[in-house]
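Here is the structure we will look at.
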Amino acid sequence: MNPAIEVRNLSKEFTLHTQGGTVLPVFRNLDLTVSPGECVVLGGPSGVGKSTLIRCMYANYRPTGGTIAVRHDGRPADIVSAPPRQVIDVRRRTLGYVSQFLRTIPRVPALDIVAEPLRAVGVEAAEARARAAELLRRLRIPERLFGLPPATFSGGEQQRVNIARGFAHPYPILLLDEPTASLDAANRETVVGLVREALDRGAAIVAILHDQDARDAVATRLFDLSPYSAM
Amino acid sequence: MSAATAPVATGGPETGYNFAYLDEQTKRMIRRTILKAVAIPGYQCPFGGREMPLPYGWGTGGIQVTASVLGADDTLKVIDQGADDTTNAVSIRRFFERTAGVATTERTEEATIIQTRHRIPEAPLREGQVLVYQVPIPEPLRWLEPRETESRKMHALAEYGAMHVRLYEDIAHHGQIATAYDYPVKVNGRYVTAPSPIPKFDNPKMHMNPAIQLFGAGREKRIYAIPPYTRVESLDFEDHPFEVQRWDEVCALCGSSESYLDEVITDDRGGHMFVCSDTYYCAERQAARPAAAAPWSEAGGSAK
Amino acid sequence: MSVDTQADAPLLEVQGLSKRFGAIQACRNISFDLWPGEVIGIVGESGSGKTTLLNCISARLAPDSGRVLYRTRHEGPADLNGMSEPARRMLMRTDWGFVHQDPREGLRMRVSAGANVGERLMALGARHYGNIRAEALDWLGMVEIDQTRVDDMPRTFSGGMLQRLQIARNLVTRPRLVFMDEPTGGLDVSVQARLLDLIRGLVADLGLSAVVVTHDLAVARMLSHRLMVMWRGSVVETGLTDQVLDDPHHPYTQLLVSSVLQP
């Protein structure tokens with residue numbers, strides 16, 4: 001089977017010009033291949049660069065070297081060197097990302113924040129909202145909050161809105177950065193269910209999951225970053 | 001047409017001035033500008049306006065144009081608000097009587113040159129006549145675009161959307177196009193032009209007029225023209241078409257229902273009547289009527 | 001925000017653009033493409049050359065060297081400087097919009113809100129008062145201005161309303177490209193948020209391309225797909241907005257990002 005993601009020879013270091021040009025190496029010559037239907041959970045001690053790797057895979061961080069081929073429209077696209085418009089298109093249709101924090105937008109209600117990824121791929125407003133409402137309900141967001149901008153929601157509520165948004169469109173690839181961090185047991189269980197459903201439809205998933213139960217429930221493979229550490 | 005051959009009429013021209021006051025060089029320059037203006041209907045041509053012995057606002061632009069086209073055998077008529085006997089009209093007429101010694105008249109059909117402020121005579125003009133307008137503000141775009149560089153460019157590129165903004169504002173605030181004077185026109189399908197502060201009642205008379213229409217703005221030093229038989233359209237909207245003023249009354253003196261009427265206050269108890277603003281037209285009609293006829297104002301139009 | 005990735009050619013191509021004011025090099029050899037539906041943010045501090053760049057690419061200022069090509073609706077890419085002035089001015093008031101930081105520069109303060117919105121339509125030959133007014137009312141609604149204010153003079157409007165009116169005036173002809181110079185500058189924070197959200201919605205709904213100059217990284221984050229960071233007349237860093245703000249590489253960008261609270 002063609003891999004969904006193929007990371008080759010990836011290196012990342014940060015140069016802090018505001019601190020006298022200090023160089024912070026993170027990892028070096030990292031290789032990782034993820035196939036559809038796989039859930040690779042990243043491992044290694046804190047600071048080994050798990051979030052950095054996920055952000056590189058989302059093209060949020062720009063690697064120092066290497067390639068990240070993402071299967072998009074049946075062909076590998078190197079997200080490191082792709083022009084911005086292609087990256088945007090890959091993110092819109094292929095690559096989902098659940099970050100640790102929801103970036104709220106003033107005045108946009110929770111329902112529309114969740115529906116937006118569907119709208120972006122051309123789903124009708126009503127249908128997109130219906131799917132968004134279903135997800136929010138599953139994640140136990142009270143109905144009365146649907147119409148409100150999440151800026152004033154609690155941390156846990158915001159994170160659940162964020163998760164709903166990440167799972168609204170059935171992306172072929174999902175990147176999850178601690179999706180269960182601030183959730184109670186019931187909602188953790190829901191997220192596990194969502195991940196399983198995604199795997200069942202053949203999604204390739206790369207996740208950071210500190211919660212042992214959740215990890216056991218969804219991981220098909222662990223990938224330890226320690227061997228690639230450049231510290 | 002030249003000062004050297006101008007006959008010295010009895011009581012006429014004062015010595016010490018060139019014919020029609022302006023020197024020949026200046027007149028030639030102004031005539032060249034007029035030719036250019038006639039060649040580009042509605043386009044404002046700058047000219048080297050001279051200081052005249054009367055203040056701006058009293059018709060210095062019109063006087064310079066008149067002086068430049070005036071010949072010794074011309075017959076001049078001067079009207080102000082349609083009247084031959086108002087201060088401005090009388091003083092301009094006297095100015096040319098004294099500096100050029102030309103014949104003057106109040107009869108529209110007799111005049112070869114008619115200088116006007118605020119009106120076009122009611123009597124139709126004919127080929128060979130010249131109508132000279134006194135213009136205070138020649139730039140129709142001025143109210144919206146104070147920058148001369150920009151308004152010139154707008155003319156050059158025929159960017160006239162802004163003119164309709166003005167009419168839009170009228171309708172928005174008054175329910176109709178309330179602009180009653182200096183109502184903007186498009187000349188020969190090209191230049192948007194200020195007709196000078198004539199009532200919009202007179203706008204249709206500009207259209208395809210057999211006479212030459214010359215416009216002189218003294219303060220702004222601009223001359224523009226509408227040659228004979230030129231299309232002159234008043235700007236409007238499809239759903240608010242151009243309309244001229246109408247009165248329920250007729251002229252109290254001559255009974256005309258077709259001329260532009262001024263409201264005249266007759267006493268301090270609210271008495272008033274409507275009379276023709278064109279005094280010559282009105283007098284002619286009164287003279288043509290049987291002397292015994294009752295005043296129209298009292299009869300209300302019906303015979304006693 | 002969605003980018004029309006199907007379109008196969010840029011809307012605007014800037015090639016090697018430079019502009020100098022006396023001894024000051026305001027823009028140095030700047031090149032970039034803007035694609036249909038794309039929003040580019042230009043960030044940098046005052047004097048970095050971002051407003052000069054905006055003026056050069058919007059045909060308000062002639063560059064000393066370099067080219068700006070705009071893909072016109074009917075004739076394909078055209079060099080702005082080679083274009084006739086009438087064609088350029090026509091473009092500016094139909095296919096383009098320009099949103100000034102001070103709305104008073106972009107509005108006619110002496111005519112009503114409705115006339116401000118309707119002017120471009122009249123300039124394009126609309127001659128039906130009722131239709132022009134109906135369209136003006138529509139647009140007031142879209143920019144969240146109470147429609148009963150249609151005949152009011154802009155001077156009676158608040159700063160936020162003025163800016164929204166300016167936007168309506170620009171968008172009424174359905175332009176494809178809108179230039180914005182600090183669109184939220186000078187507004188209260190609460191007013192800014194509403195305006196930003198409105199602009200964001202309109203840009204997405206109408207599929208507009210836009211170039212937004214701002215010194216406010218939060219504004220850039222919210223409105224633009226892509227960022228160009230300018231410093232002393234040069235573009236020192238470009239990339240997707242989140243890349244530039246979350247993983248800045250150039251020393252100046254790092255300084256810029258670290259100087260603000262969580263954009």
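Convention: chains lettered A, B, ... in structure tokens order; per-chain residue numbering from 1; ligands numbered from 1 as shown.
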Write out, as a Markdown table, each residue of chain B that has an atom at most 10 Å from chain C, together with the closest pair of atoms and their distance in Å to one decimal, counting only C-alpha atoms, rows going by chain and rising number.
```
| residue | atom | partner | partner_atom | distance |
| --- | --- | --- | --- | --- |
| B:Trp143 | CA | C:Arg110 | CA | 9.5 |
| B:Leu144 | CA | C:Arg108 | CA | 8.1 |
| B:Glu145 | CA | C:Arg108 | CA | 9.4 |
| B:Lys153 | CA | C:Pro86 | CA | 9.4 |
| B:Met154 | CA | C:Pro86 | CA | 9.6 |
| B:Ala156 | CA | C:Pro86 | CA | 9.0 |
| B:Leu157 | CA | C:Pro86 | CA | 6.1 |
| B:Ala158 | CA | C:Pro86 | CA | 9.2 |
| B:Glu159 | CA | C:Ala123 | CA | 6.7 |
| B:Tyr160 | CA | C:Ala123 | CA | 6.3 |
| B:Gly161 | CA | C:Ala123 | CA | 3.6 |
| B:Ala162 | CA | C:Glu119 | CA | 6.5 |
| B:Met163 | CA | C:Met122 | CA | 8.8 |
| B:His164 | CA | C:Met122 | CA | 6.5 |
| B:Val165 | CA | C:Ala115 | CA | 5.9 |
| B:Arg166 | CA | C:Val111 | CA | 8.1 |
| B:Leu167 | CA | C:Tyr129 | CA | 9.2 |
| B:Tyr168 | CA | C:Ala115 | CA | 6.6 |
| B:Glu169 | CA | C:Ala115 | CA | 6.6 |
| B:Ile171 | CA | C:Tyr129 | CA | 8.3 |
| B:Ala172 | CA | C:Asp151 | CA | 6.4 |
| B:His173 | CA | C:Asp151 | CA | 7.1 |
| B:Leu235 | CA | C:Arg127 | CA | 9.6 |
| B:Asp236 | CA | C:Arg127 | CA | 7.6 |
| B:Phe237 | CA | C:Arg127 | CA | 4.9 |
| B:Glu238 | CA | C:His128 | CA | 5.1 |
| B:Asp239 | CA | C:His128 | CA | 5.7 |
| B:His240 | CA | C:Tyr129 | CA | 7.2 |
| B:Pro241 | CA | C:His128 | CA | 9.8 |
```
Export, as a JSON list (two decimals), in the first residue's frame, the selected residues with N, CA, C and O atoms.
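Written out: again-v1.json:
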```json
[["chain", "number", "residue", "atom", "x", "y", "z"],
["B", 143, "TRP", "N", -18.19, 71.11, -7.22],
["B", 143, "TRP", "CA", -18.84, 70.88, -5.92],
["B", 143, "TRP", "C", -18.39, 69.57, -5.29],
["B", 143, "TRP", "O", -18.32, 69.42, -4.09],
["B", 144, "LEU", "N", -18.01, 68.61, -6.18],
["B", 144, "LEU", "CA", -17.67, 67.28, -5.67],
["B", 144, "LEU", "C", -16.16, 67.09, -5.59],
["B", 144, "LEU", "O", -15.65, 66.43, -4.71],
["B", 145, "GLU", "N", -15.48, 67.68, -6.57],
["B", 145, "GLU", "CA", -14.03, 67.44, -6.68],
["B", 145, "GLU", "C", -13.33, 68.79, -6.72],
["B", 145, "GLU", "O", -13.24, 69.41, -7.78],
["B", 153, "LYS", "N", -8.95, 65.80, -15.30],
["B", 153, "LYS", "CA", -8.74, 64.41, -15.71],
["B", 153, "LYS", "C", -10.09, 63.71, -15.89],
["B", 153, "LYS", "O", -10.29, 62.94, -16.81],
["B", 154, "MET", "N", -11.01, 64.03, -14.98],
["B", 154, "MET", "CA", -12.34, 63.41, -15.08],
["B", 154, "MET", "C", -13.01, 63.80, -16.40],
["B", 154, "MET", "O", -13.65, 62.99, -17.06],
["B", 156, "ALA", "N", -11.36, 64.72, -19.13],
["B", 156, "ALA", "CA", -10.59, 64.12, -20.22],
["B", 156, "ALA", "C", -11.00, 62.67, -20.45],
["B", 156, "ALA", "O", -11.07, 62.21, -21.58],
["B", 157, "LEU", "N", -11.29, 61.97, -19.34],
["B", 157, "LEU", "CA", -11.61, 60.55, -19.44],
["B", 157, "LEU", "C", -13.12, 60.30, -19.41],
["B", 157, "LEU", "O", -13.56, 59.16, -19.35],
["B", 158, "ALA", "N", -13.89, 61.41, -19.45],
["B", 158, "ALA", "CA", -15.36, 61.30, -19.39],
["B", 158, "ALA", "C", -15.81, 60.46, -18.21],
["B", 158, "ALA", "O", -16.70, 59.64, -18.32],
["B", 159, "GLU", "N", -15.18, 60.67, -17.06],
["B", 159, "GLU", "CA", -15.59, 59.97, -15.83],
["B", 159, "GLU", "C", -16.63, 60.84, -15.13],
["B", 159, "GLU", "O", -16.29, 61.69, -14.31],
["B", 160, "TYR", "N", -17.87, 60.61, -15.48],
["B", 160, "TYR", "CA", -18.91, 61.52, -15.02],
["B", 160, "TYR", "C", -19.88, 60.91, -14.01],
["B", 160, "TYR", "O", -20.94, 61.45, -13.75],
["B", 161, "GLY", "N", -19.49, 59.76, -13.44],
["B", 161, "GLY", "CA", -20.38, 59.15, -12.46],
["B", 161, "GLY", "C", -20.72, 60.10, -11.32],
["B", 161, "GLY", "O", -21.82, 60.11, -10.81],
["B", 162, "ALA", "N", -19.75, 60.92, -10.96],
["B", 162, "ALA", "CA", -19.93, 61.84, -9.84],
["B", 162, "ALA", "C", -21.07, 62.82, -10.08],
["B", 162, "ALA", "O", -21.72, 63.26, -9.14],
["B", 163, "MET", "N", -21.32, 63.17, -11.33],
["B", 163, "MET", "CA", -22.41, 64.11, -11.60],
["B", 163, "MET", "C", -23.75, 63.52, -11.19],
["B", 163, "MET", "O", -24.63, 64.20, -10.71],
["B", 164, "HIS", "N", -23.87, 62.22, -11.40],
["B", 164, "HIS", "CA", -25.13, 61.60, -11.00],
["B", 164, "HIS", "C", -25.24, 61.46, -9.49],
["B", 164, "HIS", "O", -26.33, 61.39, -8.96],
["B", 165, "VAL", "N", -24.08, 61.44, -8.81],
["B", 165, "VAL", "CA", -24.13, 61.44, -7.35],
["B", 165, "VAL", "C", -24.90, 62.66, -6.86],
["B", 165, "VAL", "O", -25.72, 62.59, -5.95],
["B", 166, "ARG", "N", -24.66, 63.77, -7.52],
["B", 166, "ARG", "CA", -25.33, 65.01, -7.13],
["B", 166, "ARG", "C", -26.85, 64.89, -7.31],
["B", 166, "ARG", "O", -27.63, 65.29, -6.46],
["B", 167, "LEU", "N", -27.25, 64.32, -8.44],
["B", 167, "LEU", "CA", -28.68, 64.16, -8.69],
["B", 167, "LEU", "C", -29.27, 63.12, -7.72],
["B", 167, "LEU", "O", -30.39, 63.28, -7.24],
["B", 168, "TYR", "N", -28.47, 62.07, -7.46],
["B", 168, "TYR", "CA", -28.90, 61.05, -6.49],
["B", 168, "TYR", "C", -29.19, 61.71, -5.15],
["B", 168, "TYR", "O", -30.22, 61.43, -4.51],
["B", 169, "GLU", "N", -28.28, 62.57, -4.71],
["B", 169, "GLU", "CA", -28.46, 63.24, -3.43],
["B", 169, "GLU", "C", -29.74, 64.06, -3.40],
["B", 169, "GLU", "O", -30.46, 64.07, -2.41],
["B", 171, "ILE", "N", -32.51, 63.51, -5.05],
["B", 171, "ILE", "CA", -33.69, 62.64, -4.93],
["B", 171, "ILE", "C", -33.75, 62.06, -3.52],
["B", 171, "ILE", "O", -34.82, 62.00, -2.90],
["B", 172, "ALA", "N", -32.59, 61.65, -2.99],
["B", 172, "ALA", "CA", -32.56, 61.05, -1.66],
["B", 172, "ALA", "C", -33.08, 62.02, -0.60],
["B", 172, "ALA", "O", -33.78, 61.63, 0.31],
["B", 173, "HIS", "N", -32.74, 63.29, -0.76],
["B", 173, "HIS", "CA", -33.11, 64.26, 0.28],
["B", 173, "HIS", "C", -34.40, 65.00, 0.00],
["B", 173, "HIS", "O", -35.05, 65.48, 0.91],
["B", 235, "LEU", "N", -28.76, 65.88, -17.65],
["B", 235, "LEU", "CA", -28.53, 64.58, -17.01],
["B", 235, "LEU", "C", -29.75, 64.20, -16.17],
["B", 235, "LEU", "O", -30.41, 65.06, -15.58],
["B", 236, "ASP", "N", -30.04, 62.92, -16.11],
["B", 236, "ASP", "CA", -31.16, 62.49, -15.28],
["B", 236, "ASP", "C", -31.08, 60.99, -15.01],
["B", 236, "ASP", "O", -30.10, 60.34, -15.37],
["B", 237, "PHE", "N", -32.07, 60.46, -14.33],
["B", 237, "PHE", "CA", -32.18, 59.02, -14.10],
["B", 237, "PHE", "C", -33.38, 58.50, -14.89],
["B", 237, "PHE", "O", -34.35, 59.22, -15.13],
["B", 238, "GLU", "N", -33.32, 57.22, -15.23],
["B", 238, "GLU", "CA", -34.43, 56.61, -15.97],
["B", 238, "GLU", "C", -35.74, 56.76, -15.22],
["B", 238, "GLU", "O", -36.78, 57.04, -15.81],
["B", 239, "ASP", "N", -35.67, 56.55, -13.91],
["B", 239, "ASP", "CA", -36.91, 56.62, -13.13],
["B", 239, "ASP", "C", -37.15, 58.00, -12.53],
["B", 239, "ASP", "O", -38.12, 58.19, -11.79],
["B", 240, "HIS", "N", -36.28, 58.95, -12.80],
["B", 240, "HIS", "CA", -36.51, 60.35, -12.42],
["B", 240, "HIS", "C", -36.07, 61.22, -13.59],
["B", 240, "HIS", "O", -35.04, 61.90, -13.53],
["B", 241, "PRO", "N", -36.85, 61.20, -14.67],
["B", 241, "PRO", "CA", -36.42, 61.91, -15.88],
["B", 241, "PRO", "C", -36.39, 63.43, -15.67],
["B", 241, "PRO", "O", -37.09, 63.96, -14.80]]
```
Please list as an MDAnalysis selection string every residue within 8 Å of Thr190 of chain A, counting only C-alpha atoms and excluding residues in the same chain fewer than 4 positions away. chainID A and resid 138:139 186 194
Please produce an output containing C-alpha atoms for each residue in the selection, written as a CSV table (one decimal), in the first residue's frame.
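This is the output file part.csv:
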```csv
chain,number,residue,atom,x,y,z
A,138,ARG,CA,-21.1,13.8,21.0
A,139,LEU,CA,-18.4,15.8,22.8
A,186,ALA,CA,-16.2,10.3,29.3
A,194,LEU,CA,-13.6,9.3,17.0
```
For Pro204 of chain B, please output as a PyMOL selection string all residues within 8 Å (counting only C-alpha atoms; exclusion window: fewer than 6 positions along the same chain). chain B and resi 232-234
Under the rule that only C-alpha atoms are counted, which of A:Arg28, A:Leu183, A:Val87, A:Asp78 is the nearest residue to Thr64 of chain A? A:Arg28
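Of the residues in segment 101-209 of chain B, those that DSSP places in strand (DSSP E or B) on the basis of the backbone are B:Ala103, B:Thr104, B:Ile113, B:Ile114, B:Gln115, B:Thr116, B:Arg117, B:Val130, B:Leu131, B:Val132, B:Tyr133, B:Gln134, B:Tyr181, B:Val185, B:Lys186, B:Val187, B:Tyr191, B:Val192, B:Thr193, B:Pro199.
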Kindly export the residues of the current selection with C-alpha atoms, as a compact mmCIF listing (two decimals), in the first residue's frame.
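Wrote it out as result_7.txt, contents follow:
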```txt
# COMPACT_ATOMS: atom_id res chain seq x y z
CA ALA B 103 -26.47 100.05 -31.37
CA THR B 104 -28.37 98.43 -28.53
CA ILE B 113 -25.34 89.60 -29.83
CA ILE B 114 -27.20 88.97 -26.60
CA GLN B 115 -25.27 88.96 -23.35
CA THR B 116 -27.19 87.25 -20.60
CA ARG B 117 -27.09 86.50 -16.94
CA VAL B 130 -24.64 84.98 -30.59
CA LEU B 131 -25.76 84.33 -27.03
CA VAL B 132 -23.06 85.21 -24.49
CA TYR B 133 -23.53 83.78 -20.99
CA GLN B 134 -21.97 85.22 -17.87
CA TYR B 181 -30.51 76.27 -11.64
CA VAL B 185 -25.92 69.10 -19.23
CA LYS B 186 -23.91 66.88 -21.53
CA VAL B 187 -22.89 68.66 -24.71
CA TYR B 191 -18.50 66.98 -22.10
CA VAL B 192 -20.55 67.56 -19.00
CA THR B 193 -21.00 71.30 -18.86
CA PRO B 199 -33.18 77.92 -14.62
```
Residues of chain A at most 8 Å from chain C: nearest atom pair and distance in Å, only C-alpha atoms, as a Markdown table:
```
| residue | atom | partner | partner_atom | distance |
| --- | --- | --- | --- | --- |
| A:Thr15 | CA | C:His249 | CA | 7.3 |
| A:Leu16 | CA | C:Gln254 | CA | 7.8 |
| A:His17 | CA | C:Pro251 | CA | 5.1 |
| A:Thr18 | CA | C:Leu255 | CA | 6.4 |
| A:Ala59 | CA | C:Gln243 | CA | 7.2 |
| A:Asn60 | CA | C:Gln243 | CA | 4.8 |
| A:Tyr61 | CA | C:Asp247 | CA | 5.5 |
| A:Arg62 | CA | C:Asp247 | CA | 6.9 |
| A:Pro84 | CA | C:Leu240 | CA | 6.0 |
| A:Arg85 | CA | C:Thr5 | CA | 6.8 |
| A:Gln86 | CA | C:Thr5 | CA | 7.6 |
| A:Ile88 | CA | C:Val3 | CA | 7.5 |
| A:Asp89 | CA | C:Thr5 | CA | 6.9 |
| A:Ile105 | CA | C:Asp197 | CA | 7.7 |
| A:Pro106 | CA | C:Ala193 | CA | 6.0 |
| A:Arg107 | CA | C:Asp197 | CA | 7.0 |
| A:Val108 | CA | C:Asp197 | CA | 7.9 |
| A:Ala120 | CA | C:Ser2 | CA | 6.0 |
```
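Interatomic distance, atom CA of Thr66 of chain B to atom CA of Gly49 of chain B: 12.9 Å.
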To one decimal in Å, tell me the separation between atom CA of Gly185 of chain C and atom CA of Val235 of chain C.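 Answer for the atom CA of Gly185 of chain C to atom CA of Val235 of chain C separation: 22.0 Å.
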